[in-house]
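Reading through the structure tokens given below for one structure.
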Amino acid sequence: MSRRKTERQLNLVICLLSTRRHLTAQEIRKTVQGYAEVETEQAFKRMFERDKRELRDSGIPVRVGTGDALSGEEGYRIVRGDYGLAEIELLPDEALVLGLAARAWRHAALGEAAANALFKLQAAGVPVDPEAAPGLTPAMRTDEPSFGPIWQAVRDRRPVLFDYRKPAQAVSERREVEPWGIVNLRGHWYVVGHDRVRGARRVFRLSRIRGQVRVLQDVPEVVVPEGVDLRSVAAAHRTEPERTASLRVRTDAAHGLRHRALRVVAGERDGRGGGWDVLTYPYFDTPDLVRQVAPFGSRAAVLEPDTAREAMDRHLAAIADREVSSEPPPEPVEEDAHASGRGPRSADRLRRLLMLVPYALGQDVRVSEVARHFGLSEKQVVSDLSLLWMCGLPGYTPGDLIEVDLDAAKETGEIIIGNAETLAQPLRLTADEAASLVVGLSLLEALPETEGLESGVLTRVGQKLRRAAGDAVGSLADSVQVRVEDDERLNRNRLICAEALESGRRLHLRHLSGYLDKVTERDVDPMGVVVQDGYTFVEGYCRLRRDVRLFRLDRVLEMSVLPYAAEVPEGVFRRDLSEGVLQRSERDTQVTIELEPAARWVTEDYVCESVTELSGGRVRAVLRTPAPAWVARLMLRLGPEGHLVAPRELAEEVRAEARRALAHYRTAENPDASVDTTVLPK
């Protein structure tokens with residue numbers, strides 16, 4: 001947006017706010033600075049229509065009425081009651097949870113919308129603090145490129161067109177969907193709606209949408225069925241295991257299987273304490289069981305049923321018999337970026353200025369603070385202020401223009417604005433801004449970590465926010481829902497964490513590594529709780545690693561509060577989670593994997609450096625990991641659906657481990673004797 005255009009539109013807003021009657025287009029052309037120099041009537045009409053549309057898109061309601069009583073010509077004005085943020089009063093605990101709700105989106109697609117909502121509320125004198133309750137860090141991520149246009153379609157009640165590829169499909173299928181809402185379930189975003197191609201209700205995972213999402217505009221609005229429960233529809237895809245298998249696992253191994261087992265029967269031990277245990281293990285179907293057991297290689301085996309043993313034999317043989325090839329020459333990286341259209345628009349320069357004026361009029365504000373909030377340089381903020389200095393009421397004499405002390409802004413960083421009463425009222429919340437806060441509140445409602453809040457505080461804040469936002473939030477907030485998975489063990493761990501944080505005491509925990517088949521004992525000085533994508537982590541200073549670590553609570557097997565005070569060393573701070581919980585490093589091992597269509601889910605569930613399309617729906621993925629043994633386990637799980645191209649040494653280890661695991665199914669007597677577990681790390 002050019003400087004001249006921003007100046008003209010800001011002058012138009014000031015003019016329409018200050019008038020008591022509807023002004024005709026010709027009156028506006030003569031009155032508002034920026035229109036008079038337009039040479040032709042046709043050019044003026046095009047410019048004025050474009051400006052009106054952009055103001056409305058920015059949440060500024062331009063009303064149409066009778067401008068000339070004699071001719072009946074249309075006129076325009078902005079009614080302050082429509083423009084300004086409605087009064088909202090929050091108690092201290094309500095202000096705290098509203099700041100938390102906004103923080104949930106800090107590193108996600110709606111982060112700017114949530115931050116701008118708080119900015120407007122603060123300008124109105126509402127005491128919200130985005131840094132309140134530092135012990136809890138709620139976070140939602142929206143890495144899927146399709147999130148933005150799908151959110152827009154849900155907001156505007158518009159159907160969408162997109163290409164969708166299921167995990168086992170080689171090619172995408174075109175879908176035309178009437179979206180009813182978006183659901184975050186188990187860390188993934190889904191759109192729920194009516195599939196016009198299938199003529200039925202369907203759920204689509206956003207990470208599986210390929211290419212651009214087209215939002216259909218010139219069609220009737222989508223009608224959402226009454227009473228539809230979005231979370232229940234999305235959750236219906238998950239079924240409970242109906243079968244059980246008998247497994248043998250090495251002592252002190254296969255901890256992931258032990259964690260989910262219905263029953264564990266200890267077997268005999270040798271002189272060194274080693275041996276085998278027998279598990280009763282639930283599973284959905286045979287392929288599911290194979291995928292669960294294979295990653296543990298020779299340290300786990302299926303005893304029964306026989307159909308599963310035969311399937312394990314075929315699965316492992318496909319890995320053991322595969323030739324290990326040299327790393328292929330570099331190819332041009334063709335990102336499988338599911339490039340999409342624009343998502344929810346961020347504040348442009350005009351909206352930034354309309355937010356800044358009431359904020360600066362109500363409190364002491366510095367250039368650095370504004371730059372930090374909007375992600376600008378301080379030079380850009382000063383440039384904005386110099387533009388503001390050129391705008392004001394029609395007439396545009398020194399007494400009509402907004403007063404800005406540019407010298408103070410440049411020399412001391414202080415923002416001093418005067419003669420701007422027309423813009424003193426904070427701009428109302430847009431639908432995106434209001435909905436981002438309401439959805440953030442719904443995430444907090446789902447977290448046991450917020451159970452200590454006063455009863456009903458989240459509900460009260462949501463109701464006050466809806467009243468203040470009016471129709472802006474309405475159905476949109478109800479169409480975006482978050483579901484947090486939990487169980488008895490997880491809830492117990494959450495309560496223990498809360499106790500340790502409140503009392504300032506150290507935690508002891510037994511933690512199952514997400515990378516390795518290994519359980520470690522840790523003493524941790526807790527610093528806070530992080531909730532991201534439906535998973536809860538305790539963040540703290542790990543005495544074993546002498547560094548800050550995050551431990552996912554569903555992987556904590558045992559936890560207790562120790563009778564020692566937590567002592568975080570001086571100079572040690574919580575992690576920067578702007579890039580997510582996963583912390584990558586240049587020291588990580590780079591691996592190259594070729595995936596069959598059925599294994600494309602790997603590129604959805606794990607962060608990849610690049611994804612290259614191959615023939616037949618196959619892809620080549622490059623990723624980094626601090627634990628190569630985790631990649632080995634992944635390849636054992638994938639079997640014939642994945643091929644580890646590089647590094648070659650790791651591919652050789654995977655092949656050798658598959659051969660050792662095959663001995664469980666091809667040795668008639670004493671399978672223990674032929675199995676060596678020393679090569680592949682646990």
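Labeling convention for the structure tokens: chains A, B, ... as they appear, residues from 1 per chain, ligands from 1 in order of appearance.
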Subject >> Long-range neighbours of segment 412-424 of chain A as a ChimeraX atom specification, 7 Å cut-off, only C-alpha atoms, 4 positions minimum in chain >> reply: /A:14,17-18,354,357-358,360-361,365-368,402-405,408
**OP:** Within 8 Å of Arg659 of chain A, counting only C-alpha atoms, which residues show up once you throw out same-chain ones fewer than 5 positions away? Write them as a ChimeraX atom specification, please.
**Re:** /A:316-317,320
Give me a file of those residues, with all heavy atoms, as an mmCIF file, in the first residue's frame.
```cif
data_model
loop_
_atom_site.group_PDB
_atom_site.id
_atom_site.type_symbol
_atom_site.label_atom_id
_atom_site.label_comp_id
_atom_site.auth_asym_id
_atom_site.auth_seq_id
_atom_site.Cartn_x
_atom_site.Cartn_y
_atom_site.Cartn_z
ATOM 1 N N LEU A 316 9.619 -57.841 7.635
ATOM 2 C CA LEU A 316 11.045 -57.786 7.935
ATOM 3 C C LEU A 316 11.891 -58.272 6.769
ATOM 4 O O LEU A 316 12.979 -57.745 6.507
ATOM 5 C CB LEU A 316 11.344 -58.604 9.189
ATOM 6 C CG LEU A 316 10.728 -58.068 10.484
ATOM 7 C CD1 LEU A 316 10.824 -59.102 11.604
ATOM 8 C CD2 LEU A 316 11.417 -56.764 10.910
ATOM 9 N N ALA A 317 11.390 -59.287 6.041
ATOM 10 C CA ALA A 317 12.135 -59.805 4.889
ATOM 11 C C ALA A 317 12.292 -58.738 3.814
ATOM 12 O O ALA A 317 13.327 -58.662 3.137
ATOM 13 C CB ALA A 317 11.430 -61.028 4.321
ATOM 14 N N ALA A 320 15.250 -56.736 5.005
ATOM 15 C CA ALA A 320 16.511 -57.485 4.988
ATOM 16 C C ALA A 320 16.996 -57.774 3.579
ATOM 17 O O ALA A 320 18.209 -57.825 3.332
ATOM 18 C CB ALA A 320 16.328 -58.797 5.759
#
```
**OP:** Go ahead and compute the interatomic distance for atom CA of Arg165 of chain A and atom CA of Met635 of chain A, in Å to one decimal.
**Re:** 22.3 Å
**OP:** Using only C-alpha atoms, pick whichever of A:Lys464, A:Lys166, A:Asp400, A:Tyr359 has the shortest atom-to-atom distance to Ala599 of chain A.
**Re:** A:Lys166
Original post:
For Arg205 of chain A, which of A:Glu27, A:Glu558, A:Glu604, A:Glu369 is the closest residue, counting only C-alpha atoms?
Top reply: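 Closest residue, counting only C-alpha atoms: A:Glu604.
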